[in-house]
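See structure below.
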Amino acid sequence: MVAAISHRGQNYQADFLKPLDISIPLRASEDNPIAWYIDKPEIEPVKMGDWIGKVSEGSSTNFNNIKFNPHGHGTHTECLGHITLERYSINEQLTTFMFFAELITIIPEIHNTDFVITKDQISKALNGKSPEAIIIRTLPNEDSKLSKKYSNRNPPYLLHEAASYIRESEINHLLIDLPSVDRERDEGKLLAHKAFWNVSNVNELNADARLQATITEMIYVDSAIEDGSYLLNLQIASFENDASPSKPVLYKLQPL
């Protein structure tokens with residue numbers, strides 16, 4: 001199904017029969033990616049006495065419990081409730097799900113002993129565009145990202161100036177193929193999170209904190225997907241929590 005879409009005076013078409021899924025599936029195995037020093041997810045049948053919720057064990061249905069952490073076990077979308085004293089739910093804050101997005105690819109640069117993404121890199125990659133969402137793919141882009149163990153690896157991250165630039169560009173949704181926009185061990189400063197959400201005090205939000213802005217981490221953008229403009233469908237589960245596992249899906253936009 002091909003649909004015509006208009007955005008800021010430009011007309012596009014998108015083929016909804018050609019989705020590009022950039023999420024990482026959650027698996028109860030060692031193949032699942034892991035961050036933040038936790039164990040792999042668990043998916044196990046319910047057990048009640050002699051009854052096991054598993055067809056191969058004689059049950060009429062498969063009936064599993066799932067134990068996982070959205071922040072550490074794969075693609076997830078979070079709201080500013082991730083860093084605030086007051087509770088904010090991603091299910092309450094993310095209320096629309098289709099956005100014009102720009103996919104950019106960046107090679108993180110050395111900064112002191114870390115690899116980082118800078119304001120200048122993002123500015124050059126956007127080249128004057130001001131999408132509703134930005135999707136950052138980092139190089140190298142091996143498929144090992146689908147199962148990578150990030151704990152104690154100090155992966156690349158955004159400098160807070162880069163996060164501020166994204167906010168100032170009025171981009172409301174930030175997606176990245178890393179476990180966090182911030183440094184793995186940063187003494188709890190969370191400078192990029194705070195800069196993107198415009199939060200200076202996590203105990204009492206300033207009036208212009210960005211309640212409906214989201215960060216999606218641990219995506220995977222296949223190398224066959226070209227940089228450029230897309231329609232993003234940002235799907236979440238209805239969790240009343242600061243974050244939810246998510247399924248961002250792209251549709252290539254063709255100018256009309």
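So you can find residues: chains in the structure tokens are A, B, ... in the order shown, residues in each start at 1, and ligands are numbered from 1 in order.
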Please return as a ChimeraX atom specification: the residues of stretch 64-215 of chain A that backbone DSSP assigns to strand (DSSP E or B).
/A:64-67,76-78,98-106,109-111,114-117,133-138,149,157-158,173-176,214-215
Output C-alpha atoms for every residue in the selection just made, as a short mmCIF file (atom, residue, chain, number, x, y, z; two decimals), in the first residue's frame.
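The result, stored in again-v1.cif:
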data_model
loop_
_atom_site.label_atom_id
_atom_site.label_comp_id
_atom_site.auth_asym_id
_atom_site.auth_seq_id
_atom_site.Cartn_x
_atom_site.Cartn_y
_atom_site.Cartn_z
CA ASN A 64 5.10 -18.16 29.61
CA ASN A 65 6.36 -15.70 32.19
CA ILE A 66 8.90 -13.21 30.86
CA LYS A 67 11.55 -11.53 32.99
CA HIS A 76 13.69 0.29 24.19
CA THR A 77 12.12 3.74 24.24
CA GLU A 78 12.28 5.92 27.34
CA MET A 98 4.46 8.45 13.31
CA PHE A 99 7.30 10.91 12.69
CA PHE A 100 9.41 12.26 9.86
CA ALA A 101 12.91 11.01 10.57
CA GLU A 102 16.42 11.37 9.24
CA LEU A 103 18.86 8.47 9.34
CA ILE A 104 22.50 9.50 9.63
CA THR A 105 25.67 7.44 9.98
CA ILE A 106 28.55 8.61 12.16
CA GLU A 109 35.66 10.34 17.35
CA ILE A 110 38.33 9.99 20.02
CA HIS A 111 37.82 12.38 22.94
CA ASP A 114 36.57 7.68 24.87
CA PHE A 115 34.81 7.42 21.53
CA VAL A 116 32.12 10.08 21.25
CA ILE A 117 29.59 11.64 18.89
CA ALA A 133 13.24 12.30 14.79
CA ILE A 134 16.91 11.53 14.29
CA ILE A 135 18.28 8.01 13.92
CA ILE A 136 22.01 7.64 14.56
CA ARG A 137 23.82 4.60 13.20
CA THR A 138 27.44 4.27 14.32
CA LYS A 149 27.63 -7.64 25.68
CA TYR A 157 28.20 8.02 23.60
CA LEU A 158 26.90 11.51 22.82
CA HIS A 173 12.82 11.74 19.16
CA LEU A 174 16.38 10.46 19.32
CA LEU A 175 17.21 6.89 18.28
CA ILE A 176 20.69 5.40 18.55
CA THR A 214 11.85 10.26 23.77
CA ILE A 215 15.15 8.45 23.56
#
A:Leu250 surroundings by only C-alpha atoms, 12 Å radius, close-in-sequence under 5 positions cut, as a PyMOL selection string
chain A and resi 14-23+97-103+133-135+175+219-222+225-235
Only N, CA, C and O atoms, please: the residues just picked out, written as a compact mmCIF listing (two decimals), in the first residue's frame.
# COMPACT_ATOMS: atom_id res chain seq x y z
N ALA A 14 5.13 6.87 0.64
CA ALA A 14 5.75 5.80 1.42
C ALA A 14 5.01 4.50 1.13
O ALA A 14 3.78 4.49 1.06
N ASP A 15 5.75 3.43 0.96
CA ASP A 15 5.17 2.11 0.69
C ASP A 15 5.09 1.35 2.01
O ASP A 15 6.12 0.87 2.52
N PHE A 16 3.87 1.22 2.55
CA PHE A 16 3.70 0.56 3.84
C PHE A 16 3.83 -0.95 3.75
O PHE A 16 3.77 -1.63 4.78
N LEU A 17 4.01 -1.48 2.57
CA LEU A 17 4.27 -2.91 2.42
C LEU A 17 5.77 -3.22 2.43
O LEU A 17 6.17 -4.37 2.27
N LYS A 18 6.60 -2.18 2.64
CA LYS A 18 8.05 -2.37 2.68
C LYS A 18 8.63 -1.80 3.98
O LYS A 18 9.42 -0.85 3.97
N PRO A 19 8.26 -2.38 5.11
CA PRO A 19 8.78 -1.89 6.40
C PRO A 19 10.24 -2.27 6.60
O PRO A 19 10.69 -3.32 6.14
N LEU A 20 10.96 -1.40 7.30
CA LEU A 20 12.35 -1.66 7.68
C LEU A 20 12.43 -1.64 9.20
O LEU A 20 12.45 -0.59 9.83
N ASP A 21 12.45 -2.82 9.77
CA ASP A 21 12.45 -2.97 11.23
C ASP A 21 13.86 -2.71 11.76
O ASP A 21 14.81 -3.39 11.35
N ILE A 22 14.02 -1.74 12.66
CA ILE A 22 15.35 -1.45 13.21
C ILE A 22 15.42 -1.80 14.70
O ILE A 22 16.24 -1.25 15.44
N SER A 23 14.55 -2.70 15.14
CA SER A 23 14.60 -3.16 16.53
C SER A 23 15.40 -4.45 16.64
O SER A 23 15.64 -5.14 15.65
N PHE A 97 2.73 8.37 17.14
CA PHE A 97 3.68 7.31 16.86
C PHE A 97 4.30 7.35 15.46
O PHE A 97 5.12 6.49 15.13
N MET A 98 3.93 8.32 14.66
CA MET A 98 4.46 8.45 13.31
C MET A 98 5.21 9.77 13.19
O MET A 98 4.64 10.84 13.50
N PHE A 99 6.47 9.71 12.73
CA PHE A 99 7.30 10.91 12.69
C PHE A 99 8.16 10.91 11.43
O PHE A 99 8.60 9.86 10.95
N PHE A 100 8.43 12.11 10.92
CA PHE A 100 9.41 12.26 9.86
C PHE A 100 10.80 12.19 10.48
O PHE A 100 11.10 12.90 11.45
N ALA A 101 11.62 11.32 9.95
CA ALA A 101 12.91 11.01 10.57
C ALA A 101 14.03 11.08 9.56
O ALA A 101 13.83 10.86 8.36
N GLU A 102 15.22 11.37 10.06
CA GLU A 102 16.42 11.37 9.24
C GLU A 102 17.41 10.37 9.81
O GLU A 102 17.74 10.42 11.00
N LEU A 103 17.84 9.45 8.96
CA LEU A 103 18.86 8.47 9.34
C LEU A 103 20.22 9.00 8.94
O LEU A 103 20.44 9.34 7.77
N ALA A 133 12.46 13.36 14.13
CA ALA A 133 13.24 12.30 14.79
C ALA A 133 14.57 12.14 14.08
O ALA A 133 14.66 12.32 12.86
N ILE A 134 15.59 11.81 14.85
CA ILE A 134 16.91 11.53 14.29
C ILE A 134 17.30 10.11 14.68
O ILE A 134 17.09 9.68 15.82
N ILE A 135 17.83 9.39 13.71
CA ILE A 135 18.28 8.01 13.92
C ILE A 135 19.78 7.98 13.66
O ILE A 135 20.23 8.30 12.56
N LEU A 175 17.00 8.34 18.32
CA LEU A 175 17.21 6.89 18.28
C LEU A 175 18.68 6.63 17.99
O LEU A 175 19.28 7.28 17.12
N ILE A 219 19.05 0.18 19.11
CA ILE A 219 18.47 -0.21 17.83
C ILE A 219 19.56 -0.90 17.00
O ILE A 219 20.73 -0.92 17.39
N TYR A 220 19.17 -1.44 15.87
CA TYR A 220 20.14 -1.95 14.91
C TYR A 220 19.65 -1.61 13.51
O TYR A 220 18.58 -2.08 13.10
N VAL A 221 20.42 -0.80 12.79
CA VAL A 221 20.07 -0.39 11.44
C VAL A 221 20.97 -1.13 10.47
O VAL A 221 22.18 -0.86 10.40
N ASP A 222 20.41 -2.07 9.76
CA ASP A 222 21.19 -2.86 8.81
C ASP A 222 21.93 -1.95 7.84
O ASP A 222 21.40 -0.90 7.42
N ILE A 225 20.35 -0.41 4.69
CA ILE A 225 19.42 0.71 4.76
C ILE A 225 20.22 2.00 4.59
O ILE A 225 21.12 2.30 5.38
N GLU A 226 19.89 2.77 3.58
CA GLU A 226 20.67 3.96 3.24
C GLU A 226 20.31 5.15 4.13
O GLU A 226 19.18 5.27 4.59
N ASP A 227 21.29 6.02 4.37
CA ASP A 227 21.01 7.28 5.03
C ASP A 227 19.97 8.06 4.24
O ASP A 227 19.91 7.97 3.01
N GLY A 228 19.17 8.85 4.96
CA GLY A 228 18.19 9.65 4.26
C GLY A 228 16.92 9.83 5.06
O GLY A 228 16.89 9.61 6.28
N SER A 229 15.86 10.23 4.37
CA SER A 229 14.59 10.58 5.01
C SER A 229 13.64 9.39 5.03
O SER A 229 13.48 8.69 4.02
N TYR A 230 12.99 9.20 6.18
CA TYR A 230 12.08 8.08 6.38
C TYR A 230 10.87 8.54 7.18
O TYR A 230 10.92 9.55 7.90
N LEU A 231 9.81 7.77 7.08
CA LEU A 231 8.71 7.87 8.01
C LEU A 231 8.96 6.84 9.09
O LEU A 231 9.19 5.66 8.80
N LEU A 232 8.97 7.28 10.32
CA LEU A 232 9.23 6.40 11.47
C LEU A 232 7.93 6.06 12.18
O LEU A 232 7.16 6.95 12.53
N ASN A 233 7.69 4.78 12.37
CA ASN A 233 6.61 4.30 13.23
C ASN A 233 7.25 3.78 14.51
O ASN A 233 7.91 2.75 14.50
N LEU A 234 7.08 4.53 15.59
CA LEU A 234 7.73 4.19 16.86
C LEU A 234 6.72 3.46 17.73
O LEU A 234 5.87 4.05 18.40
N GLN A 235 6.81 2.13 17.73
CA GLN A 235 5.85 1.29 18.43
C GLN A 235 6.38 0.91 19.82
O GLN A 235 7.53 0.51 19.96
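Nearest to A:Ala213 of all the residues A:Gly49, A:Gly58, A:Gly81, A:Pro156 is A:Gly81, counting only C-alpha atoms.
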For A:Asn201, list every protein, DNA or RNA residue within 12 Å, evaluated using only C-alpha atoms, and leave out those in the same chain fewer than 2 positions away; present the list as a count of residues only.
20
Quick one: everything within 9 Å of A:Ser151, counting only C-alpha atoms, minus sequence neighbours fewer than 6 positions away in the same chain. Send it as a list of chain:residue names.
A:Ile34, A:Ala35, A:Trp36, A:Tyr37, A:Ile38, A:Glu184
Any chance you can output those residues with C-alpha atoms as a PDB file, in the first residue's frame?
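Output saved as part_14.pdb:
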ATOM      1  CA  ILE A  34      23.030  -7.184  27.379  1.00  0.00           C
ATOM      2  CA  ALA A  35      24.003  -3.926  29.059  1.00  0.00           C
ATOM      3  CA  TRP A  36      24.210  -2.648  32.632  1.00  0.00           C
ATOM      4  CA  TYR A  37      25.651  -5.748  34.310  1.00  0.00           C
ATOM      5  CA  ILE A  38      22.494  -7.866  34.336  1.00  0.00           C
ATOM      6  CA  GLU A 184      28.703   3.984  30.847  1.00  0.00           C
TER       7      GLU A 184
END
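You can rank A:Leu256, A:Ile90, A:Ile52, A:Ala192 by their closest distance to A:Thr118 using only C-alpha atoms, and at the top of that list sits A:Ala192.
For A:Pro25, the residues within 8 Å (counting only C-alpha atoms, excluding itself and residues fewer than 3 positions away along the chain) are A:Asn32, A:Gly74, A:Thr75.
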Based on the backbone DSSP call, show me all residues of stretch 115-222 of chain A assigned helix (DSSP H, G or I), as a short mmCIF file (atom, residue, chain, number, x, y, z; two decimals) with C-alpha atoms, in the first residue's frame.
data_model
loop_
_atom_site.label_atom_id
_atom_site.label_comp_id
_atom_site.auth_asym_id
_atom_site.auth_seq_id
_atom_site.Cartn_x
_atom_site.Cartn_y
_atom_site.Cartn_z
CA LYS A 119 27.68 18.35 17.81
CA ASP A 120 29.69 19.13 14.67
CA GLN A 121 29.27 15.58 13.34
CA ILE A 122 25.50 15.69 13.79
CA SER A 123 25.21 19.17 12.31
CA LYS A 124 27.16 18.16 9.21
CA ALA A 125 25.20 14.94 8.77
CA LEU A 126 21.82 16.70 9.02
CA ASP A 143 25.80 -7.51 13.10
CA SER A 144 27.44 -8.33 16.45
CA LYS A 145 25.33 -5.43 17.75
CA LEU A 146 22.44 -7.90 17.72
CA HIS A 160 26.14 16.71 25.96
CA GLU A 161 26.74 19.53 23.46
CA ALA A 162 25.50 17.16 20.75
CA ALA A 163 22.38 16.32 22.76
CA SER A 164 21.77 20.05 23.33
CA TYR A 165 22.09 20.68 19.60
CA ILE A 166 19.50 17.98 18.86
CA ARG A 167 17.13 19.60 21.37
CA GLU A 168 17.75 23.09 19.98
CA LEU A 191 24.61 14.96 30.86
CA ALA A 192 23.26 13.95 27.45
CA HIS A 193 19.94 12.68 28.85
CA LYS A 194 19.48 15.93 30.78
CA ALA A 195 20.49 18.10 27.84
CA PHE A 196 18.11 16.35 25.44
CA TRP A 197 15.13 16.49 27.81
#
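Picture a line from atom CA of A:Ile43 to atom CA of A:Ala28; it runs 5.7 Å.
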Which neighbours of A:Tyr88 fall inside 9 Å, counting only C-alpha atoms, when residues of the same chain fewer than 3 positions from it are skipped, and could you give them as number ranges by chain?
A: 79-82, 84, 91-93, 211, 240-242
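With distances restricted to only C-alpha atoms, A:Ser244 is the closest residue to A:Thr216 from A:Ser200, A:Ser238, A:Asn62, A:Ser244.
Counting only C-alpha atoms and comparing A:His71, A:Lys247, A:Pro33, A:Arg87, the residue that lies closest to A:Ser180 is A:His71.
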Tell me which of A:Asp31, A:Ile107, A:Ala243, A:Ser56 sits closest to A:Asn69, counting only C-alpha atoms.
A:Ala243
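Nearest-residue note for A:Ser6: choosing from A:Ser246, A:Ser147, A:Gln254, A:Asn152, the minimum distance belongs to A:Gln254, counting only C-alpha atoms.
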So what do you get for atom CA of A:Asp177 versus atom CA of A:Ile236, distance-wise?
17.0 Å
